[in-house]
>>> print(open('structure30.txt').read())   # compact mmCIF, C-alpha atoms
# COMPACT_ATOMS: atom_id res chain seq x y z
CA MET Z 1221 4.73 -59.91 37.62
CA SER Z 1222 0.95 -60.38 37.64
CA TYR Z 1223 -0.72 -62.07 40.58
CA SER Z 1224 -4.30 -62.78 41.65
CA VAL Z 1225 -5.55 -62.83 45.23
CA ARG Z 1226 -8.89 -63.18 46.95
CA MET Z 1227 -9.43 -59.89 48.73
CA ARG Z 1228 -12.03 -58.89 51.29
CA VAL Z 1229 -13.66 -55.66 50.11
CA GLY Z 1230 -16.37 -54.59 52.54
CA GLU Z 1231 -18.83 -57.48 52.59
CA LEU Z 1232 -17.48 -58.91 49.33
CA ASP Z 1233 -14.82 -61.49 48.56
CA LEU Z 1234 -13.30 -60.44 45.23
CA ASN Z 1235 -10.70 -62.00 42.98
CA VAL Z 1236 -8.21 -59.21 42.23
CA ARG Z 1237 -5.24 -59.24 39.85
CA GLN Z 1238 -2.54 -56.58 39.96
CA VAL Z 1239 0.51 -55.88 37.84
CA GLY Z 1240 2.98 -52.98 37.66
CA SER Z 1241 3.45 -50.00 39.92
CA GLY Z 1242 2.73 -46.31 39.68
CA ALA Z 1243 -0.51 -44.47 39.02
CA PRO Z 1244 -3.46 -46.88 39.54
CA PHE Z 1245 -5.84 -47.88 36.77
CA LEU Z 1246 -8.84 -49.94 37.93
CA TRP Z 1247 -10.58 -51.93 35.22
CA ALA Z 1248 -13.99 -53.64 35.37
CA HIS Z 1249 -15.16 -56.31 32.89
CA GLY Z 1250 -18.58 -56.72 31.30
CA LEU Z 1251 -21.70 -58.64 32.30
CA LEU Z 1252 -21.12 -62.45 32.41
CA SER Z 1253 -17.41 -61.89 31.79
CA SER Z 1254 -14.36 -62.12 34.08
CA ILE Z 1255 -10.60 -61.67 34.11
CA GLU Z 1256 -10.25 -65.13 32.56
CA ALA Z 1257 -12.88 -64.39 29.91
CA GLU Z 1258 -11.18 -61.14 28.90
CA ASP Z 1259 -7.83 -62.90 28.69
CA ALA Z 1260 -9.35 -65.65 26.53
CA LEU Z 1261 -10.86 -63.06 24.18
CA ASP Z 1262 -7.60 -61.05 24.26
CA ILE Z 1263 -9.00 -58.01 22.47
CA LEU Z 1264 -7.42 -55.65 25.01
CA GLN Z 1265 -4.03 -57.42 25.18
CA TRP Z 1266 -3.44 -56.62 28.84
CA ARG Z 1267 -0.04 -58.34 28.73
CA HIS Z 1268 1.30 -55.26 26.93
CA PHE Z 1269 0.10 -52.78 29.56
CA PRO Z 1270 3.05 -50.63 30.77
CA ALA Z 1271 4.68 -51.78 34.01
CA SER Z 1272 5.11 -48.13 34.99
CA LEU Z 1273 1.39 -48.06 35.84
CA ARG Z 1274 -0.52 -50.11 38.41
CA LEU Z 1275 -3.13 -52.14 36.54
CA VAL Z 1276 -5.83 -53.54 38.83
CA ARG Z 1277 -8.39 -55.92 37.34
CA TYR Z 1278 -10.99 -57.77 39.32
CA ASP Z 1279 -13.86 -60.19 38.93
CA ALA Z 1280 -17.07 -58.36 39.82
CA ARG Z 1281 -19.31 -59.87 42.47
CA GLY Z 1282 -20.81 -63.11 41.21
CA HIS Z 1283 -18.40 -63.32 38.27
CA GLY Z 1284 -15.29 -65.39 37.67
CA ASP Z 1285 -13.49 -66.37 40.88
CA SER Z 1286 -15.21 -63.77 43.05
CA ALA Z 1287 -17.80 -64.94 45.54
CA PRO Z 1288 -21.48 -64.47 44.73
CA GLY Z 1289 -23.01 -61.31 46.11
CA ALA Z 1290 -26.49 -59.96 46.56
CA GLN Z 1291 -28.37 -58.81 43.46
CA ALA Z 1292 -26.63 -55.61 42.42
CA GLY Z 1293 -27.24 -52.89 39.89
CA TRP Z 1294 -24.62 -50.64 38.37
CA ASP Z 1295 -24.75 -48.22 41.29
CA ALA Z 1296 -23.62 -50.94 43.72
CA LEU Z 1297 -20.93 -52.07 41.28
CA GLY Z 1298 -19.63 -48.50 41.18
CA GLN Z 1299 -19.41 -48.53 44.97
CA ASP Z 1300 -17.57 -51.86 44.76
CA MET Z 1301 -14.91 -50.21 42.57
CA LEU Z 1302 -14.50 -47.33 45.02
CA SER Z 1303 -14.32 -49.74 47.95
CA LEU Z 1304 -11.67 -51.81 46.19
CA ALA Z 1305 -9.56 -48.70 45.55
CA THR Z 1306 -9.86 -47.78 49.24
CA THR Z 1307 -8.86 -51.30 50.29
CA LEU Z 1308 -5.82 -51.03 48.03
CA GLY Z 1309 -4.88 -47.70 49.64
CA GLU Z 1310 -5.62 -45.62 46.54
CA SER Z 1311 -7.36 -42.30 47.18
CA ARG Z 1312 -7.41 -41.37 43.47
CA PHE Z 1313 -7.32 -43.52 40.35
CA ILE Z 1314 -8.17 -43.82 36.68
CA ALA Z 1315 -11.35 -45.88 36.26
CA GLY Z 1316 -12.37 -47.91 33.26
CA GLY Z 1317 -14.45 -50.79 32.08
CA TRP Z 1318 -16.17 -52.67 29.30
CA SER Z 1319 -20.00 -52.52 28.99
CA MET Z 1320 -21.26 -53.25 32.54
CA GLY Z 1321 -17.76 -52.31 33.69
CA CYS Z 1322 -18.05 -49.02 31.79
CA ALA Z 1323 -21.26 -48.31 33.70
CA SER Z 1324 -19.56 -49.33 36.95
CA ALA Z 1325 -16.76 -46.83 36.30
CA LEU Z 1326 -19.27 -44.08 35.52
CA HIS Z 1327 -21.19 -44.76 38.73
CA ALA Z 1328 -17.93 -44.75 40.72
CA ALA Z 1329 -17.10 -41.37 39.21
CA LEU Z 1330 -20.58 -40.00 39.91
CA GLN Z 1331 -20.41 -41.15 43.54
CA ALA Z 1332 -16.90 -39.74 44.12
CA PRO Z 1333 -15.79 -37.48 41.24
CA ALA Z 1334 -12.89 -36.06 43.26
CA ARG Z 1335 -11.30 -39.52 43.36
CA ILE Z 1336 -11.31 -40.09 39.58
CA ASP Z 1337 -8.43 -38.82 37.44
CA GLY Z 1338 -9.78 -40.19 34.16
CA LEU Z 1339 -12.29 -42.56 32.59
CA VAL Z 1340 -11.97 -45.24 29.92
CA LEU Z 1341 -15.47 -46.12 28.73
CA MET Z 1342 -15.33 -49.18 26.47
CA LEU Z 1343 -18.54 -50.19 24.66
CA PRO Z 1344 -21.07 -48.19 26.68
CA PRO Z 1345 -24.25 -50.25 27.12
CA THR Z 1346 -27.82 -49.17 26.42
CA LEU Z 1347 -28.68 -46.10 28.49
CA TRP Z 1348 -31.70 -44.02 29.46
CA GLU Z 1349 -34.59 -44.36 26.97
CA ALA Z 1350 -32.97 -47.35 25.23
CA ARG Z 1351 -32.45 -49.06 28.58
CA VAL Z 1352 -36.17 -49.70 28.93
CA ALA Z 1353 -36.20 -52.17 26.04
CA GLN Z 1354 -32.94 -53.79 27.14
CA ALA Z 1355 -34.25 -54.29 30.67
CA ALA Z 1356 -37.36 -55.94 29.19
CA ARG Z 1357 -35.10 -58.34 27.26
CA TYR Z 1358 -33.35 -59.32 30.50
CA ARG Z 1359 -36.71 -59.93 32.16
CA ARG Z 1360 -37.81 -62.11 29.24
CA ALA Z 1361 -34.58 -64.08 29.56
CA ILE Z 1362 -35.29 -64.64 33.26
CA ALA Z 1363 -38.79 -65.87 32.40
CA LEU Z 1364 -37.32 -68.21 29.76
CA ALA Z 1365 -34.90 -69.60 32.33
CA GLN Z 1366 -37.81 -70.41 34.60
CA VAL Z 1367 -39.43 -72.39 31.77
CA MET Z 1368 -36.26 -74.13 30.53
CA GLY Z 1369 -34.69 -74.64 33.91
CA PRO Z 1370 -31.71 -72.56 35.08
CA ALA Z 1371 -29.04 -75.16 34.23
CA ARG Z 1372 -30.24 -75.63 30.64
CA PHE Z 1373 -30.60 -71.88 30.24
CA ALA Z 1374 -27.02 -71.34 31.46
CA ARG Z 1375 -25.75 -73.82 28.84
CA LEU Z 1376 -27.71 -71.98 26.15
CA ILE Z 1377 -26.24 -68.61 27.12
CA ALA Z 1378 -22.71 -70.04 27.14
CA SER Z 1379 -23.20 -71.59 23.69
CA GLU Z 1380 -24.29 -68.25 22.24
CA ALA Z 1381 -21.52 -66.14 23.78
CA GLY Z 1382 -19.86 -65.49 20.43
CA ALA Z 1383 -23.03 -63.87 19.11
CA ALA Z 1384 -22.38 -60.93 21.44
CA LEU Z 1385 -19.64 -59.74 19.06
CA PRO Z 1386 -20.44 -57.78 15.87
CA PRO Z 1387 -20.83 -60.00 12.77
CA TRP Z 1388 -18.17 -58.07 10.87
CA LEU Z 1389 -15.66 -58.77 13.65
CA LEU Z 1390 -16.49 -62.50 13.72
CA ASN Z 1391 -16.17 -62.62 9.92
CA ALA Z 1392 -12.70 -61.07 10.12
CA ALA Z 1393 -11.62 -63.07 13.18
CA PRO Z 1394 -13.82 -66.19 13.47
CA TYR Z 1395 -11.61 -67.62 16.25
CA LEU Z 1396 -13.10 -65.01 18.60
CA ALA Z 1397 -16.37 -66.98 18.82
CA ALA Z 1398 -14.64 -69.95 20.50
CA ARG Z 1399 -12.70 -67.62 22.77
CA ALA Z 1400 -15.93 -65.92 23.86
CA ARG Z 1401 -17.50 -69.29 24.70
CA HIS Z 1402 -14.42 -70.29 26.69
CA GLY Z 1403 -14.81 -67.33 28.99
CA MET Z 1404 -18.39 -68.24 29.92
CA ARG Z 1405 -17.59 -71.63 31.43
CA GLN Z 1406 -17.46 -70.52 35.05
CA LEU Z 1407 -20.97 -69.12 35.38
CA GLY Z 1408 -23.38 -71.22 37.44
CA ALA Z 1409 -27.10 -71.18 36.74
CA PRO Z 1410 -28.31 -69.49 39.99
CA THR Z 1411 -25.63 -66.81 39.71
CA LEU Z 1412 -26.56 -66.13 36.09
CA LEU Z 1413 -30.16 -65.35 37.03
CA THR Z 1414 -29.03 -63.05 39.85
CA LEU Z 1415 -26.80 -61.15 37.42
CA TYR Z 1416 -29.64 -60.77 34.91
CA GLN Z 1417 -31.91 -59.46 37.66
CA GLY Z 1418 -29.32 -56.84 38.59
CA ALA Z 1419 -28.85 -55.85 34.94
CA ALA Z 1420 -32.61 -55.48 34.44
CA ARG Z 1421 -32.80 -52.77 37.10
CA SER Z 1422 -29.63 -50.89 36.11
CA ASP Z 1423 -29.22 -47.53 34.41
CA LEU Z 1424 -27.34 -44.26 34.79
CA PRO Z 1425 -28.82 -41.33 36.69
CA PRO Z 1426 -30.46 -38.61 34.57
CA ARG Z 1427 -28.22 -36.92 32.03
CA ALA Z 1428 -27.91 -33.75 34.14
CA ALA Z 1429 -26.02 -35.73 36.81
CA LEU Z 1430 -23.09 -36.19 34.43
CA ALA Z 1431 -22.29 -32.47 34.76
CA ALA Z 1432 -20.38 -33.52 37.90
CA LEU Z 1433 -17.87 -35.24 35.58
CA SER Z 1434 -17.23 -32.25 33.32
CA ALA Z 1435 -13.61 -31.82 34.46
CA ILE Z 1436 -12.64 -35.49 34.08
CA PRO Z 1437 -10.88 -36.56 30.85
CA ALA Z 1438 -12.47 -39.59 29.21
CA LEU Z 1439 -11.76 -41.94 26.34
CA ILE Z 1440 -14.93 -43.50 24.90
CA ILE Z 1441 -14.60 -46.53 22.62
CA GLY Z 1442 -17.46 -47.95 20.58
CA TRP Z 1443 -17.91 -50.17 17.58
CA THR Z 1444 -20.53 -50.55 14.89
CA GLY Z 1445 -23.13 -53.27 14.48
CA ASP Z 1446 -23.70 -54.10 18.15
CA PRO Z 1447 -27.24 -53.34 19.42
CA VAL Z 1448 -26.33 -54.23 23.01
CA HIS Z 1449 -23.62 -51.52 22.89
CA PRO Z 1450 -25.20 -48.97 20.55
CA LEU Z 1451 -23.23 -46.06 19.19
CA GLU Z 1452 -26.01 -43.78 20.40
CA SER Z 1453 -24.80 -44.41 23.96
CA ALA Z 1454 -21.19 -43.64 23.09
CA ARG Z 1455 -22.11 -40.47 21.19
CA GLU Z 1456 -24.41 -39.23 23.93
CA LEU Z 1457 -21.70 -39.74 26.54
CA GLN Z 1458 -19.27 -37.80 24.35
CA ARG Z 1459 -21.80 -34.96 24.14
CA LEU Z 1460 -22.28 -34.91 27.91
CA LEU Z 1461 -18.60 -35.20 28.88
CA PRO Z 1462 -16.82 -32.11 27.54
CA ARG Z 1463 -13.31 -33.51 28.08
CA SER Z 1464 -14.01 -36.76 26.26
CA SER Z 1465 -12.84 -38.17 22.94
CA LEU Z 1466 -14.61 -40.90 20.98
CA PHE Z 1467 -13.10 -43.67 18.87
CA ILE Z 1468 -15.42 -45.88 16.80
CA ALA Z 1469 -14.07 -49.18 15.50
CA GLN Z 1470 -15.53 -50.15 12.14
CA ASN Z 1471 -13.25 -53.00 11.05
CA HIS Z 1472 -10.79 -55.53 12.44
CA ASP Z 1473 -7.80 -53.22 12.04
CA ASP Z 1474 -9.62 -50.60 14.13
CA VAL Z 1475 -10.20 -53.21 16.86
CA LEU Z 1476 -6.53 -54.16 16.81
CA SER Z 1477 -5.67 -50.49 17.46
CA ILE Z 1478 -7.80 -50.28 20.63
CA PRO Z 1479 -5.21 -51.59 23.14
CA ALA Z 1480 -2.62 -49.02 22.08
CA ARG Z 1481 -5.20 -46.22 22.19
CA LEU Z 1482 -6.24 -47.27 25.69
CA ARG Z 1483 -2.65 -47.47 26.93
CA ALA Z 1484 -1.77 -44.07 25.45
CA PHE Z 1485 -4.77 -42.42 27.11
CA VAL Z 1486 -4.05 -43.93 30.52
CA GLN Z 1487 -0.35 -42.98 30.32
CA ALA Z 1488 -1.15 -39.39 29.30
CA THR Z 1489 -3.81 -39.07 32.01
CA ALA Z 1490 -1.48 -40.44 34.67
CA ARG Z 1491 1.19 -37.89 33.70
CA ARG Z 1492 -1.27 -35.02 34.11
CA ALA Z 1493 -2.73 -36.25 37.42
>>> encode(input="structure30.txt", output="structure tokens")
Amino acid sequence: MSYSVRMRVGELDLNVRQVGSGAPFLWAHGLLSSIEAEDALDILQWRHFPASLRLVRYDARGHGDSAPGAQAGWDALGQDMLSLATTLGESRFIAGGWSMGCASALHAALQAPARIDGLVLMLPPTLWEARVAQAARYRRAIALAQVMGPARFARLIASEAGAALPPWLLNAAPYLAARARHGMRQLGAPTLLTLYQGAARSDLPPRAALAALSAIPALIIGWTGDPVHPLESARELQRLLPRSSLFIAQNHDDVLSIPARLRAFVQATARRA
């Protein structure tokens, strides 16, 4: 049975949902998303996750039903994941996430590699050199919000949520656009600006730092036609993580295969841990 609770994690008040028992798998969603938003989109089909594993999903600070937190970059979000695992009594776990959540999992692993049994890195965001341009886009969005007014800007972002998915995926599954918009309903205007400010100052440490993760198995998942989650990031992470494998979705059938690939990797990693 799945259940959600508000949980005190350090100075944060997070909405946490758990299901199953066994080896823990902590999952973090993407920027402006939430547990509810992921369930509305339903690309990962969490309802089919094996009950023999402990699936822990949570709304990041400022997202979903979690309380707002101070402006935070990916490094702080990585610490949030580690702190949540500690609060749950888990000394080691498999970490994963989508986009911002992928970066959160990587930062958690870099801060405490001995605690991470495996990594699932779904849609890695722009990194390193490419991050400069992406950060500039976030800063321009913040400036636009100041001109439009935060409330009007928040409505604009919510209305365009479906555009974050690749055109080929929306062509094959047009219903996903409405599902993406549904998941954005909870974001308030002040919180949205705080999240953009945190995203604008986020990145990974230099490439050499990832050598600390060389012994950790990783599954990297990317897809084509998405400039916010470029394949260059996914391929560079595969190059830097010697125990990683990369799957690139190029059509709707490939996307439909992602949940089973994710479950198989987590199950195999849990058996080896």
>>> closest_atom_pairs(input="structure30.txt", of="stretch 1372-1461 of chain Z", to="stretch 1351-1368 of chain Z", cutoff="10 Å", atoms="all atoms listed in the file", output="CSV")
residue,atom,partner,partner_atom,distance
Z:Arg1372,CA,Z:Met1368,CA,6.2
Z:Phe1373,CA,Z:Ala1365,CA,5.3
Z:Ala1374,CA,Z:Ala1365,CA,8.1
Z:Leu1376,CA,Z:Ala1365,CA,9.8
Z:Ile1377,CA,Z:Ala1361,CA,9.8
Z:Ala1409,CA,Z:Ala1365,CA,9.1
Z:Leu1412,CA,Z:Ile1362,CA,9.3
Z:Leu1413,CA,Z:Ile1362,CA,6.4
Z:Thr1414,CA,Z:Ile1362,CA,9.2
Z:Leu1415,CA,Z:Tyr1358,CA,9.7
Z:Tyr1416,CA,Z:Tyr1358,CA,5.9
Z:Gln1417,CA,Z:Tyr1358,CA,7.3
Z:Gly1418,CA,Z:Tyr1358,CA,9.4
Z:Ala1419,CA,Z:Ala1355,CA,7.1
Z:Ala1420,CA,Z:Ala1355,CA,4.3
Z:Arg1421,CA,Z:Ala1355,CA,6.8
Z:Ser1422,CA,Z:Ala1355,CA,7.9
Z:Asp1423,CA,Z:Arg1351,CA,6.8
Z:Leu1424,CA,Z:Arg1351,CA,9.4
Z:Pro1447,CA,Z:Gln1354,CA,9.6
Z:Val1448,CA,Z:Gln1354,CA,7.8
>>> atom_distance(input="structure30.txt", atom1="atom CA of Z:Ala1393", atom2="atom CA of Z:His1472")
7.6 Å
>>> residues_near_point(input="structure30.txt", point="(-13.2, -43.4, 45.8)", cutoff="10 Å", atoms="all atoms listed in the file", output="list in words")
Gly1298, Gln1299, Asp1300, Met1301, Leu1302, Ser1303, Leu1304, Ala1305, Thr1306, Glu1310, Ser1311, Arg1312, Phe1313, Ala1328, Ala1329, Gln1331, Ala1332, Pro1333, Ala1334, Arg1335 and Ile1336 of chain Z
>>> atom_distance(input="structure30.txt", atom1="atom CA of Z:Leu1461", atom2="atom CA of Z:Phe1269")
25.7 Å
>>> atom_distance(input="structure30.txt", atom1="atom CA of Z:Met1342", atom2="atom CA of Z:Val1236")
20.0 Å
>>> residues_around(input="structure30.txt", residues="stretch 1246-1254 of chain Z", least_positions_apart="4", cutoff="6 Å", atoms="only C-alpha atoms", output="VMD selection string")
chain Z and resid 1276 to 1277 1279 1283 to 1284 1315 to 1321
>>> closest_residue(input="structure30.txt", among="Z:Ser1464, Z:Thr1411, Z:Gln1458, Z:Gln1470", to="Z:Gln1291", atoms="all atoms listed in the file")
Z:Thr1411
>>> residues_around(input="structure30.txt", residues="Z:Leu1433", least_positions_apart="2", cutoff="10 Å", atoms="only C-alpha atoms", output="list in words")
Leu1326, Ala1329, Leu1330, Ala1332, Pro1333, Ala1334, Ile1336, Gly1338, Leu1339, Ala1429, Leu1430, Ala1431, Ala1435, Ile1436, Pro1437, Ala1438, Leu1460, Leu1461, Pro1462 and Arg1463 of chain Z
>>> closest_residue(input="structure30.txt", among="Z:Leu1273, Z:Ala1296, Z:Ala1398, Z:Leu1343", to="Z:Ala1490", atoms="only C-alpha atoms")
Z:Leu1273
>>> closest_residue(input="structure30.txt", among="Z:Leu1466, Z:Arg1401, Z:Ile1478, Z:Pro1387", to="Z:Thr1444", atoms="all atoms listed in the file")
Z:Pro1387
>>> closest_residue(input="structure30.txt", among="Z:Val1475, Z:Leu1264, Z:Leu1457, Z:Ala1397", to="Z:Ala1323", atoms="all atoms listed in the file")
Z:Leu1457
>>> closest_residue(input="structure30.txt", among="Z:Asp1337, Z:Asp1285, Z:Asp1474, Z:Asp1446", to="Z:Arg1237", atoms="all atoms listed in the file")
Z:Asp1285
>>> axis_aligned_box(input="structure30.txt", around="stretch 1239-1244 of chain Z", padding_each_side="8 Å", output="lines of an AutoDock Vina configuration file")
center_x = 0.0
center_y = -50.2
center_z = 38.8
size_x = 22.9
size_y = 27.4
size_z = 18.3
>>> closest_residue(input="structure30.txt", among="Z:Val1340, Z:Val1239, Z:Cys1322, Z:Val1229", to="Z:Gln1487", atoms="all atoms listed in the file")
Z:Val1340
>>> residues_around(input="structure30.txt", residues="stretch 1266-1268 of chain Z", least_positions_apart="3", cutoff="8 Å", atoms="all atoms listed in the file", output="PyMOL selection string")
chain Z and resi 1259+1262+1479
